[in-house]
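**Student:** Okay, so here is my_file.pdb, and as you'll see once you scroll down, it has PDB, C-alpha atoms and all ligand atoms.
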```
ATOM      1  CA  MET A  63     -60.918  50.431  59.932  1.00  0.00           C
ATOM      2  CA  GLU A  64     -60.392  48.227  62.965  1.00  0.00           C
ATOM      3  CA  LYS A  65     -58.675  45.702  60.671  1.00  0.00           C
ATOM      4  CA  GLY A  66     -55.940  48.147  59.701  1.00  0.00           C
ATOM      5  CA  ARG A  67     -52.434  48.311  61.137  1.00  0.00           C
ATOM      6  CA  SER A  68     -51.858  50.502  64.144  1.00  0.00           C
ATOM      7  CA  ARG A  69     -50.586  54.014  63.658  1.00  0.00           C
ATOM      8  CA  ASN A  70     -50.075  56.809  66.125  1.00  0.00           C
ATOM      9  CA  VAL A  71     -51.819  59.946  64.968  1.00  0.00           C
ATOM     10  CA  ASP A  72     -51.764  63.472  66.332  1.00  0.00           C
ATOM     11  CA  LEU A  73     -55.248  63.875  67.789  1.00  0.00           C
ATOM     12  CA  ARG A  74     -54.787  67.649  67.818  1.00  0.00           C
ATOM     13  CA  GLY A  75     -55.643  67.388  64.121  1.00  0.00           C
ATOM     14  CA  LEU A  76     -59.285  66.936  65.194  1.00  0.00           C
ATOM     15  CA  LEU A  77     -59.258  70.587  66.334  1.00  0.00           C
ATOM     16  CA  GLN A  78     -58.262  71.561  62.803  1.00  0.00           C
ATOM     17  CA  ILE A  79     -61.388  70.023  61.243  1.00  0.00           C
ATOM     18  CA  PRO A  80     -63.403  73.290  60.952  1.00  0.00           C
ATOM     19  CA  LYS A  81     -60.563  75.104  59.142  1.00  0.00           C
ATOM     20  CA  ARG A  82     -59.781  72.122  56.911  1.00  0.00           C
ATOM     21  CA  TYR A  83     -63.490  71.683  56.082  1.00  0.00           C
ATOM     22  CA  PHE A  84     -64.498  75.301  55.527  1.00  0.00           C
ATOM     23  CA  VAL A  85     -61.275  76.520  53.887  1.00  0.00           C
ATOM     24  CA  ASP A  86     -59.126  73.746  52.418  1.00  0.00           C
ATOM     25  CA  LEU A  87     -61.922  71.425  51.316  1.00  0.00           C
ATOM     26  CA  HIS A  88     -64.113  74.284  50.128  1.00  0.00           C
ATOM     27  CA  ASP A  89     -61.283  75.528  47.921  1.00  0.00           C
ATOM     28  CA  VAL A  90     -61.383  72.177  46.123  1.00  0.00           C
ATOM     29  CA  VAL A  91     -65.185  71.862  45.905  1.00  0.00           C
ATOM     30  CA  ALA A  92     -65.457  75.486  44.688  1.00  0.00           C
ATOM     31  CA  ARG A  93     -63.802  74.475  41.422  1.00  0.00           C
ATOM     32  CA  GLU A  94     -67.340  73.442  40.481  1.00  0.00           C
ATOM     33  CA  PRO A  95     -69.366  76.483  41.689  1.00  0.00           C
ATOM     34  CA  PHE A  96     -72.784  74.909  41.058  1.00  0.00           C
ATOM     35  CA  VAL A  97     -71.911  71.854  43.136  1.00  0.00           C
ATOM     36  CA  ALA A  98     -70.322  74.014  45.842  1.00  0.00           C
ATOM     37  CA  ARG A  99     -73.472  76.149  46.186  1.00  0.00           C
ATOM     38  CA  ALA A 100     -75.713  73.062  46.256  1.00  0.00           C
ATOM     39  CA  HIS A 101     -73.494  71.585  48.982  1.00  0.00           C
ATOM     40  CA  VAL A 102     -73.660  74.794  51.041  1.00  0.00           C
ATOM     41  CA  GLY A 103     -77.466  74.763  50.709  1.00  0.00           C
ATOM     42  CA  VAL A 104     -77.906  71.139  51.773  1.00  0.00           C
ATOM     43  CA  ALA A 105     -75.275  70.884  54.503  1.00  0.00           C
ATOM     44  CA  GLY A 106     -75.749  74.454  55.753  1.00  0.00           C
ATOM     45  CA  GLY A 107     -79.546  74.166  55.771  1.00  0.00           C
ATOM     46  CA  ALA A 108     -79.506  70.782  57.535  1.00  0.00           C
ATOM     47  CA  LEU A 109     -77.030  71.832  60.238  1.00  0.00           C
ATOM     48  CA  LEU A 110     -78.838  75.126  60.809  1.00  0.00           C
ATOM     49  CA  ALA A 111     -82.212  73.357  61.086  1.00  0.00           C
ATOM     50  CA  LEU A 112     -80.904  70.745  63.544  1.00  0.00           C
ATOM     51  CA  ALA A 113     -79.268  73.455  65.669  1.00  0.00           C
ATOM     52  CA  LEU A 114     -82.483  75.512  65.675  1.00  0.00           C
ATOM     53  CA  VAL A 115     -84.635  72.547  66.721  1.00  0.00           C
ATOM     54  CA  ALA A 116     -82.185  71.710  69.529  1.00  0.00           C
ATOM     55  CA  LEU A 117     -82.083  75.348  70.647  1.00  0.00           C
ATOM     56  CA  ASN A 118     -85.733  76.323  70.324  1.00  0.00           C
ATOM     57  CA  TYR A 119     -87.399  73.070  71.343  1.00  0.00           C
ATOM     58  CA  GLY A 120     -84.594  71.120  73.051  1.00  0.00           C
ATOM     59  CA  LEU A 121     -83.816  73.987  75.421  1.00  0.00           C
ATOM     60  CA  GLY A 122     -87.459  75.044  75.539  1.00  0.00           C
ATOM     61  CA  LEU A 123     -86.988  78.622  74.296  1.00  0.00           C
ATOM     62  CA  TYR A 124     -90.040  78.491  71.965  1.00  0.00           C
ATOM     63  CA  TRP A 125     -89.123  81.781  70.270  1.00  0.00           C
ATOM     64  CA  HIS A 126     -91.517  82.416  67.424  1.00  0.00           C
ATOM     65  CA  SER A 127     -88.878  84.232  65.382  1.00  0.00           C
ATOM     66  CA  LEU A 128     -86.711  81.091  65.349  1.00  0.00           C
ATOM     67  CA  ASP A 129     -89.557  79.237  63.608  1.00  0.00           C
ATOM     68  CA  ALA A 130     -89.165  81.678  60.719  1.00  0.00           C
ATOM     69  CA  VAL A 131     -85.437  80.899  60.589  1.00  0.00           C
ATOM     70  CA  LEU A 132     -86.287  77.164  60.689  1.00  0.00           C
ATOM     71  CA  LEU A 133     -88.522  77.659  57.655  1.00  0.00           C
ATOM     72  CA  LEU A 134     -85.686  79.484  55.872  1.00  0.00           C
ATOM     73  CA  ALA A 135     -83.239  76.694  56.778  1.00  0.00           C
ATOM     74  CA  GLY A 136     -85.646  74.114  55.321  1.00  0.00           C
ATOM     75  CA  LEU A 137     -86.030  76.173  52.118  1.00  0.00           C
ATOM     76  CA  MET A 138     -82.248  76.559  51.889  1.00  0.00           C
ATOM     77  CA  MET A 139     -81.803  72.793  52.159  1.00  0.00           C
ATOM     78  CA  LEU A 140     -84.649  72.257  49.692  1.00  0.00           C
ATOM     79  CA  ALA A 141     -82.950  74.507  47.123  1.00  0.00           C
ATOM     80  CA  GLY A 142     -79.631  72.679  47.548  1.00  0.00           C
ATOM     81  CA  ALA A 143     -81.204  69.210  47.300  1.00  0.00           C
ATOM     82  CA  THR A 144     -83.205  70.278  44.222  1.00  0.00           C
ATOM     83  CA  ALA A 145     -79.988  71.467  42.581  1.00  0.00           C
ATOM     84  CA  MET A 146     -78.326  68.118  43.382  1.00  0.00           C
ATOM     85  CA  ALA A 147     -81.285  66.152  42.010  1.00  0.00           C
ATOM     86  CA  TRP A 148     -81.261  68.271  38.839  1.00  0.00           C
ATOM     87  CA  ARG A 149     -77.534  67.675  38.385  1.00  0.00           C
ATOM     88  CA  ARG A 150     -78.004  63.926  38.824  1.00  0.00           C
ATOM     89  CA  ARG A 151     -80.337  63.942  35.799  1.00  0.00           C
ATOM     90  CA  ASN A 152     -77.364  64.980  33.649  1.00  0.00           C
ATOM     91  CA  ALA A 153     -74.648  63.430  35.786  1.00  0.00           C
ATOM     92  CA  PRO A 154     -71.105  63.073  34.403  1.00  0.00           C
ATOM     93  CA  ALA A 155     -70.247  59.401  33.765  1.00  0.00           C
ATOM     94  CA  ARG A 156     -67.540  59.514  36.452  1.00  0.00           C
ATOM     95  CA  LEU A 157     -70.134  59.836  39.264  1.00  0.00           C
ATOM     96  CA  SER A 158     -71.223  56.597  40.944  1.00  0.00           C
ATOM     97  CA  LYS A 159     -74.892  55.693  40.587  1.00  0.00           C
ATOM     98  CA  GLY A 160     -77.057  53.417  42.788  1.00  0.00           C
ATOM     99  CA  PRO A 161     -77.473  54.793  46.339  1.00  0.00           C
ATOM    100  CA  TRP A 162     -75.608  57.947  45.301  1.00  0.00           C
ATOM    101  CA  SER A 163     -78.389  58.719  42.808  1.00  0.00           C
ATOM    102  CA  ARG A 164     -81.015  58.161  45.527  1.00  0.00           C
ATOM    103  CA  LEU A 165     -79.356  60.536  48.008  1.00  0.00           C
ATOM    104  CA  PRO A 166     -80.603  63.896  46.581  1.00  0.00           C
ATOM    105  CA  TYR A 167     -84.203  62.641  46.715  1.00  0.00           C
ATOM    106  CA  SER A 168     -83.870  61.444  50.335  1.00  0.00           C
ATOM    107  CA  LEU A 169     -82.437  64.852  51.223  1.00  0.00           C
ATOM    108  CA  LEU A 170     -85.283  66.526  49.308  1.00  0.00           C
ATOM    109  CA  LEU A 171     -87.829  64.676  51.443  1.00  0.00           C
ATOM    110  CA  PHE A 172     -85.984  65.613  54.622  1.00  0.00           C
ATOM    111  CA  ALA A 173     -85.792  69.282  53.565  1.00  0.00           C
ATOM    112  CA  LEU A 174     -89.476  69.309  52.633  1.00  0.00           C
ATOM    113  CA  ALA A 175     -90.393  67.955  56.073  1.00  0.00           C
ATOM    114  CA  ILE A 176     -88.235  70.569  57.823  1.00  0.00           C
ATOM    115  CA  ALA A 177     -89.729  73.420  55.765  1.00  0.00           C
ATOM    116  CA  MET A 178     -93.256  72.170  56.473  1.00  0.00           C
ATOM    117  CA  VAL A 179     -92.567  71.911  60.219  1.00  0.00           C
ATOM    118  CA  GLY A 180     -91.159  75.447  60.165  1.00  0.00           C
ATOM    119  CA  ALA A 181     -94.185  76.762  58.246  1.00  0.00           C
ATOM    120  CA  VAL A 182     -96.662  75.021  60.558  1.00  0.00           C
ATOM    121  CA  ALA A 183     -94.889  76.261  63.696  1.00  0.00           C
ATOM    122  CA  LEU A 184     -94.715  79.796  62.300  1.00  0.00           C
ATOM    123  CA  THR A 185     -98.339  80.046  61.202  1.00  0.00           C
ATOM    124  CA  GLY A 186     -99.859  77.890  63.941  1.00  0.00           C
ATOM    125  CA  THR A 187    -101.792  75.931  61.311  1.00  0.00           C
ATOM    126  CA  ALA A 188    -103.704  72.867  62.492  1.00  0.00           C
ATOM    127  CA  LEU A 189    -102.667  69.989  60.263  1.00  0.00           C
ATOM    128  CA  ALA A 190    -105.001  67.299  58.912  1.00  0.00           C
ATOM    129  CA  PRO A 191    -103.858  63.900  60.233  1.00  0.00           C
ATOM    130  CA  TRP A 192    -103.038  62.634  56.736  1.00  0.00           C
ATOM    131  CA  LEU A 193    -100.769  65.619  56.072  1.00  0.00           C
ATOM    132  CA  ALA A 194     -99.075  65.240  59.463  1.00  0.00           C
ATOM    133  CA  GLY A 195     -98.522  61.563  58.603  1.00  0.00           C
ATOM    134  CA  LEU A 196     -96.998  62.447  55.223  1.00  0.00           C
ATOM    135  CA  ILE A 197     -94.630  64.963  56.838  1.00  0.00           C
ATOM    136  CA  ALA A 198     -93.609  62.338  59.432  1.00  0.00           C
ATOM    137  CA  LEU A 199     -92.950  59.825  56.634  1.00  0.00           C
ATOM    138  CA  ALA A 200     -90.840  62.308  54.663  1.00  0.00           C
ATOM    139  CA  PHE A 201     -88.895  63.151  57.821  1.00  0.00           C
ATOM    140  CA  ALA A 202     -88.348  59.461  58.615  1.00  0.00           C
ATOM    141  CA  ALA A 203     -87.140  58.694  55.070  1.00  0.00           C
ATOM    142  CA  GLY A 204     -84.585  61.501  55.220  1.00  0.00           C
ATOM    143  CA  ALA A 205     -83.527  60.705  58.773  1.00  0.00           C
ATOM    144  CA  ALA A 206     -83.050  57.031  57.844  1.00  0.00           C
ATOM    145  CA  GLU A 207     -80.770  58.036  54.966  1.00  0.00           C
ATOM    146  CA  LEU A 208     -78.736  60.227  57.285  1.00  0.00           C
ATOM    147  CA  ALA A 209     -78.566  57.964  60.351  1.00  0.00           C
ATOM    148  CA  LEU A 210     -78.715  54.436  58.858  1.00  0.00           C
ATOM    149  CA  GLY A 211     -76.551  55.571  55.953  1.00  0.00           C
ATOM    150  CA  VAL A 212     -73.769  56.329  58.398  1.00  0.00           C
ATOM    151  CA  GLY A 213     -74.185  53.106  60.371  1.00  0.00           C
ATOM    152  CA  LEU A 214     -74.805  50.722  57.478  1.00  0.00           C
ATOM    153  CA  GLY A 215     -72.300  52.124  55.008  1.00  0.00           C
ATOM    154  CA  GLY A 216     -74.615  54.234  52.830  1.00  0.00           C
ATOM    155  CA  PRO A 217     -73.462  57.385  51.025  1.00  0.00           C
ATOM    156  CA  MET A 218     -73.777  59.522  54.163  1.00  0.00           C
ATOM    157  CA  LYS A 219     -71.032  57.450  55.758  1.00  0.00           C
ATOM    158  CA  HIS A 220     -68.651  59.695  53.868  1.00  0.00           C
ATOM    159  CA  ALA A 221     -69.850  62.692  55.878  1.00  0.00           C
ATOM    160  CA  VAL A 222     -68.616  61.250  59.186  1.00  0.00           C
ATOM    161  CA  ALA A 223     -65.600  59.437  57.737  1.00  0.00           C
ATOM    162  CA  GLY A 224     -64.739  62.528  55.708  1.00  0.00           C
ATOM    163  CA  LEU A 225     -64.678  64.825  58.722  1.00  0.00           C
ATOM    164  CA  LEU A 226     -62.547  62.359  60.721  1.00  0.00           C
ATOM    165  CA  HIS A 227     -60.313  61.915  57.707  1.00  0.00           C
ATOM    166  CA  LEU A 228     -59.679  65.675  57.628  1.00  0.00           C
ATOM    167  CA  GLY A 229     -58.626  65.551  61.286  1.00  0.00           C
ATOM    168  CA  LEU A 230     -56.579  62.328  61.151  1.00  0.00           C
ATOM    169  CA  HIS A 231     -55.184  62.729  57.635  1.00  0.00           C
ATOM    170  CA  PRO A 232     -52.217  60.474  56.723  1.00  0.00           C
ATOM    171  CA  ARG A 233     -50.498  63.563  55.287  1.00  0.00           C
ATOM    172  CA  PRO A 234     -51.339  66.413  57.683  1.00  0.00           C
ATOM    173  CA  GLU A 235     -48.685  68.590  56.042  1.00  0.00           C
ATOM    174  CA  ARG A 236     -51.183  68.781  53.192  1.00  0.00           C
ATOM    175  CA  PHE A 237     -53.037  71.439  55.192  1.00  0.00           C
ATOM    176  CA  GLY A 238     -50.050  73.348  56.554  1.00  0.00           C
ATOM    177  CA  ASP A 239     -47.646  75.823  55.025  1.00  0.00           C
ATOM    178  CA  LYS A 240     -46.827  73.278  52.342  1.00  0.00           C
ATOM    179  CA  ARG A 241     -50.384  73.157  51.054  1.00  0.00           C
ATOM    180  CA  PHE A 242     -50.862  70.883  48.110  1.00  0.00           C
ATOM    181  CA  ALA A 243     -47.687  69.030  49.154  1.00  0.00           C
ATOM    182  CA  THR A 244     -47.696  65.947  46.962  1.00  0.00           C
ATOM    183  CA  ALA A 245     -44.127  64.635  47.224  1.00  0.00           C
ATOM    184  CA  LEU A 246     -43.984  60.865  47.615  1.00  0.00           C
ATOM    185  CA  LYS A 247     -42.632  59.658  50.930  1.00  0.00           C
ATOM    186  CA  PRO A 248     -39.713  57.218  50.964  1.00  0.00           C
ATOM    187  CA  LEU A 249     -40.633  53.544  51.203  1.00  0.00           C
ATOM    188  CA  ARG A 250     -39.029  51.752  54.108  1.00  0.00           C
ATOM    189  CA  LEU A 251     -39.194  48.148  52.994  1.00  0.00           C
ATOM    190  CA  THR A 252     -37.718  45.275  54.938  1.00  0.00           C
ATOM    191  CA  ALA A 253     -37.580  41.550  54.315  1.00  0.00           C
ATOM    192  CA  ASP A 254     -40.589  41.177  56.649  1.00  0.00           C
ATOM    193  CA  ASP A 255     -42.515  44.191  55.434  1.00  0.00           C
ATOM    194  CA  MET A 256     -42.923  44.613  51.697  1.00  0.00           C
ATOM    195  CA  GLY A 257     -45.628  47.264  51.912  1.00  0.00           C
ATOM    196  CA  VAL A 258     -49.296  46.673  51.180  1.00  0.00           C
ATOM    197  CA  GLY A 259     -50.522  43.374  49.780  1.00  0.00           C
ATOM    198  CA  LYS A 260     -54.074  43.326  51.151  1.00  0.00           C
ATOM    199  CA  PRO A 261     -56.427  45.922  52.699  1.00  0.00           C
ATOM    200  CA  ALA A 262     -55.523  44.956  56.278  1.00  0.00           C
ATOM    201  CA  ASP A 263     -51.907  45.976  55.523  1.00  0.00           C
ATOM    202  CA  PHE A 264     -52.945  49.629  55.405  1.00  0.00           C
ATOM    203  CA  THR A 265     -52.815  51.648  58.601  1.00  0.00           C
ATOM    204  CA  TRP A 266     -56.231  52.272  60.160  1.00  0.00           C
ATOM    205  CA  ASN A 267     -56.328  55.950  59.259  1.00  0.00           C
ATOM    206  CA  LYS A 268     -55.601  55.135  55.618  1.00  0.00           C
ATOM    207  CA  LEU A 269     -58.563  52.737  55.647  1.00  0.00           C
ATOM    208  CA  LEU A 270     -60.570  55.632  57.100  1.00  0.00           C
ATOM    209  CA  SER A 271     -59.514  57.649  54.050  1.00  0.00           C
ATOM    210  CA  PHE A 272     -61.153  55.065  51.786  1.00  0.00           C
ATOM    211  CA  ASP A 273     -64.449  55.444  53.671  1.00  0.00           C
ATOM    212  CA  ALA A 274     -64.245  59.202  53.128  1.00  0.00           C
ATOM    213  CA  CYS A 275     -64.405  58.747  49.322  1.00  0.00           C
ATOM    214  CA  VAL A 276     -67.472  60.507  47.888  1.00  0.00           C
ATOM    215  CA  GLN A 277     -67.154  58.565  44.615  1.00  0.00           C
ATOM    216  CA  CYS A 278     -66.965  61.789  42.612  1.00  0.00           C
ATOM    217  CA  GLY A 279     -64.724  60.042  40.090  1.00  0.00           C
ATOM    218  CA  LYS A 280     -62.345  62.975  39.660  1.00  0.00           C
ATOM    219  CA  CYS A 281     -59.422  60.580  40.159  1.00  0.00           C
ATOM    220  CA  GLU A 282     -60.902  58.324  37.470  1.00  0.00           C
ATOM    221  CA  ALA A 283     -61.282  61.265  35.066  1.00  0.00           C
ATOM    222  CA  ALA A 284     -57.658  62.326  35.644  1.00  0.00           C
ATOM    223  CA  CYS A 285     -56.113  58.837  35.527  1.00  0.00           C
ATOM    224  CA  PRO A 286     -54.014  58.258  32.366  1.00  0.00           C
ATOM    225  CA  ALA A 287     -54.117  54.466  32.789  1.00  0.00           C
ATOM    226  CA  PHE A 288     -57.933  54.508  32.915  1.00  0.00           C
ATOM    227  CA  ALA A 289     -58.068  56.870  29.912  1.00  0.00           C
ATOM    228  CA  ALA A 290     -55.832  54.453  27.992  1.00  0.00           C
ATOM    229  CA  GLY A 291     -58.304  51.635  28.636  1.00  0.00           C
ATOM    230  CA  GLN A 292     -56.085  49.825  31.118  1.00  0.00           C
ATOM    231  CA  PRO A 293     -57.791  47.704  33.802  1.00  0.00           C
ATOM    232  CA  LEU A 294     -57.100  50.309  36.507  1.00  0.00           C
ATOM    233  CA  ASN A 295     -59.738  52.531  38.020  1.00  0.00           C
ATOM    234  CA  PRO A 296     -58.512  54.479  41.044  1.00  0.00           C
ATOM    235  CA  LYS A 297     -62.068  55.179  42.196  1.00  0.00           C
ATOM    236  CA  ASN A 298     -63.129  51.547  42.154  1.00  0.00           C
TER     237      ASN A 298
HETATM  238  S1  LIG A 301     -60.828  58.879  45.654  1.00  0.00           S
HETATM  239 FE1  LIG A 301     -61.510  59.553  43.613  1.00  0.00          FE
HETATM  240  S2  LIG A 301     -63.708  59.206  43.647  1.00  0.00           S
HETATM  241 FE2  LIG A 301     -63.049  59.171  45.786  1.00  0.00          FE
HETATM  242  S3  LIG A 301     -63.302  61.276  46.510  1.00  0.00           S
HETATM  243 FE3  LIG A 301     -61.182  61.096  45.787  1.00  0.00          FE
HETATM  244  S4  LIG A 301     -61.243  61.785  43.633  1.00  0.00           S
HETATM  245 FE4  LIG A 301     -63.382  61.346  44.269  1.00  0.00          FE
END
```
Show me this structure written as structure tokens.
Ligand code: SF4

**Tutor:**
Amino acid sequence: MEKGRSRNVDLRGLLQIPKRYFVDLHDVVAREPFVARAHVGVAGGALLALALVALNYGLGLYWHSLDAVLLLAGLMMLAGATAMAWRRRNAPARLSKGPWSRLPYSLLLFALAIAMVGAVALTGTALAPWLAGLIALAFAAGAAELALGVGLGGPMKHAVAGLLHLGLHPRPERFGDKRFATALKPLRLTADDMGVGKPADFTWNKLLSFDACVQCGKCEAACPAFAAGQPLNPKN
């Protein structure tokens, strides 16, 4: 991103992220209801659990009832991650494999650890050291996927890049009154500037858009050149 060309962006777009995420983006994801529900389970469960831990233990409230909600948040995330793992077993060819196939299982481990912590806190059960160690390992595996994945370019990088992309979108009119505006913008070519010849010729927020790609392959599935066997794959 830092290699891209400069571009002034309207930072007020960052305030629009919640609406663009929960309304505009959800409208697109909801075209596949199973995937949308799995996404709500995983992302909703994870965010709820992190907020509860910060509230109940970070602020030192220690409300017993919030431990029950923490358990529910873990189960919600567990259900979503299980649905994602199940879908990966019969994944459409357009979905990328590799780390993207690993992701549901990392999230499953993380959700399992959260649910176990919630259950232990709620019931006051004394854990055997080996079980406490297993829960810590599951938590660490999931946390590594979330944190290192963002920093080292793993699949979860899309979560941060995707949110910023929604706020700093190259075509903000996409989210306004002219929703689904797709008209091409005029090219302003000069003798010194013939457009894009290499990645660094893109503006920085367009490079950010590339990082936001979730490799769902919907562009690949809809691309007539790819369908005709031409050496063009918009996803790749
Ligand atoms: S660029 Fe293609 S693969 Fe990436 S998110 Fe968009 S449709 Fe999916």

**Student:** Report the distance between atom CA of Gly216 of chain A and atom CA of Leu170 of chain A in Å, rounded to one decimal place.

**Tutor:**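 We find that atom CA of Gly216 of chain A and atom CA of Leu170 of chain A lie 16.7 Å from each other.
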
**Student:** All residues within 8 Å of ligand LIG 301 (chain A) are required, counting all atoms listed in the file; please report them as a list in words.

**Tutor:**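 Those residues are Leu157, Phe272, Ala274, Cys275, Val276, Gln277, Cys278, Gly279, Lys280, Cys281, Glu282, Pro296, Lys297 and Asn298 of chain A.
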
**Student:** Let me see the file: selected residues, C-alpha atoms, as a short mmCIF file (atom, residue, chain, number, x, y, z; two decimals), in the frame of the given file.

**Tutor:**
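File written: result32.cif
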```cif
data_model
loop_
_atom_site.label_atom_id
_atom_site.label_comp_id
_atom_site.auth_asym_id
_atom_site.auth_seq_id
_atom_site.Cartn_x
_atom_site.Cartn_y
_atom_site.Cartn_z
CA LEU A 157 -70.13 59.84 39.26
CA PHE A 272 -61.15 55.06 51.79
CA ALA A 274 -64.24 59.20 53.13
CA CYS A 275 -64.40 58.75 49.32
CA VAL A 276 -67.47 60.51 47.89
CA GLN A 277 -67.15 58.56 44.62
CA CYS A 278 -66.96 61.79 42.61
CA GLY A 279 -64.72 60.04 40.09
CA LYS A 280 -62.34 62.98 39.66
CA CYS A 281 -59.42 60.58 40.16
CA GLU A 282 -60.90 58.32 37.47
CA PRO A 296 -58.51 54.48 41.04
CA LYS A 297 -62.07 55.18 42.20
CA ASN A 298 -63.13 51.55 42.15
#
```

**Student:** To one decimal place in Å, what is the distance between atom CA of Ala135 of chain A and atom CA of Ala111 of chain A?

**Tutor:** 5.5 Å

**Student:** Can you pull out every residue within 7 Å of segment 224-235 of chain A, counting all atoms listed in the file, but drop anything in the same chain fewer than 4 positions away, and send it as a ChimeraX atom specification?

**Tutor:** /A:71,73,75-76,78-79,82,220,240-241,243,267-268,270-271,274

**Student:** Considering all atoms listed in the file, state which residue in the set A:Trp148, A:Phe288, A:Phe172, A:Trp162 is at the smallest distance from Val97 of chain A.

**Tutor:**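 Under the stated criterion, the closest residue is A:Trp148.
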
**Student:** Starting from the displayed file, determine the output of the PyMOL selection byres (((chain A and resi 203-211) around 8) and not hetatm) and express the residue list as a count of residues only.

**Tutor:** 18

**Student:** State, in Å with one decimal place, the distance from atom CA of Val131 of chain A to atom CA of Leu110 of chain A.

**Tutor:**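 That distance, rounded to one decimal, is 8.8 Å.
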
**Student:** Just need the box for segment 127-146 of chain A, edges along x, y and z, holding every atom the file lists for it with 4 Å tacked onto each side, so centre and edge lengths in Å to one decimal, as JSON.

**Tutor:**
```
{"center_x": -83.9, "center_y": 76.2, "center_z": 54.0, "size_x": 19.2, "size_y": 24.1, "size_z": 30.8}
```

**Student:** With distances taken over only C-alpha atoms, which of A:Leu174, A:Ala143, A:Leu77, A:Ala130 is nearest to Gly106 of chain A?

**Tutor:**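 Counting only C-alpha atoms, the residue closest to Gly106 of chain A is A:Ala143.
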
**Student:** Measuring between only C-alpha atoms, which one of A:Pro286, A:Gly107, A:Pro248, A:Gly180 shows the shortest distance to Met138 of chain A?

**Tutor:**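 Smallest separation from Met138 of chain A among the options: A:Gly107.
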
**Student:** Please provide the set of residues having any atom within 12 Å of Phe264 of chain A, restricted to all atoms listed in the file, with same-chain residues fewer than 2 positions apart removed, written as a short mmCIF file (atom, residue, chain, number, x, y, z; two decimals) with C-alpha atoms, in the frame of the given file.

**Tutor:**
```cif
data_model
loop_
_atom_site.label_atom_id
_atom_site.label_comp_id
_atom_site.auth_asym_id
_atom_site.auth_seq_id
_atom_site.Cartn_x
_atom_site.Cartn_y
_atom_site.Cartn_z
CA MET A 63 -60.92 50.43 59.93
CA GLU A 64 -60.39 48.23 62.96
CA LYS A 65 -58.68 45.70 60.67
CA GLY A 66 -55.94 48.15 59.70
CA ARG A 67 -52.43 48.31 61.14
CA SER A 68 -51.86 50.50 64.14
CA ARG A 69 -50.59 54.01 63.66
CA PRO A 232 -52.22 60.47 56.72
CA ASP A 255 -42.52 44.19 55.43
CA MET A 256 -42.92 44.61 51.70
CA GLY A 257 -45.63 47.26 51.91
CA VAL A 258 -49.30 46.67 51.18
CA GLY A 259 -50.52 43.37 49.78
CA LYS A 260 -54.07 43.33 51.15
CA PRO A 261 -56.43 45.92 52.70
CA ALA A 262 -55.52 44.96 56.28
CA TRP A 266 -56.23 52.27 60.16
CA ASN A 267 -56.33 55.95 59.26
CA LYS A 268 -55.60 55.14 55.62
CA LEU A 269 -58.56 52.74 55.65
CA LEU A 270 -60.57 55.63 57.10
CA SER A 271 -59.51 57.65 54.05
CA PHE A 272 -61.15 55.06 51.79
#
```

**Student:** Taking only C-alpha atoms into account, which of A:Val102, A:Leu128, A:Ala92, A:Leu112 comes nearest Leu184 of chain A?

**Tutor:**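 Result for the nearest residue to Leu184 of chain A: A:Leu128.
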
**Student:** Do a neighbour search on Val182 of chain A at 12 Å with all atoms listed in the file, toss out local chain neighbours closer than 4 positions, and write the hits as a ChimeraX atom specification.

**Tutor:** /A:126,129-130,132-133,175-178,186-190,193-194,197

**Student:** Show me the residues close to (-73.7, 75.9, 46.2) - anything with an atom within 12 Å, counting all atoms listed in the file - and format the list as a PyMOL selection string.

**Tutor:** chain A and resi 88+91-107+138-139+141-146+149
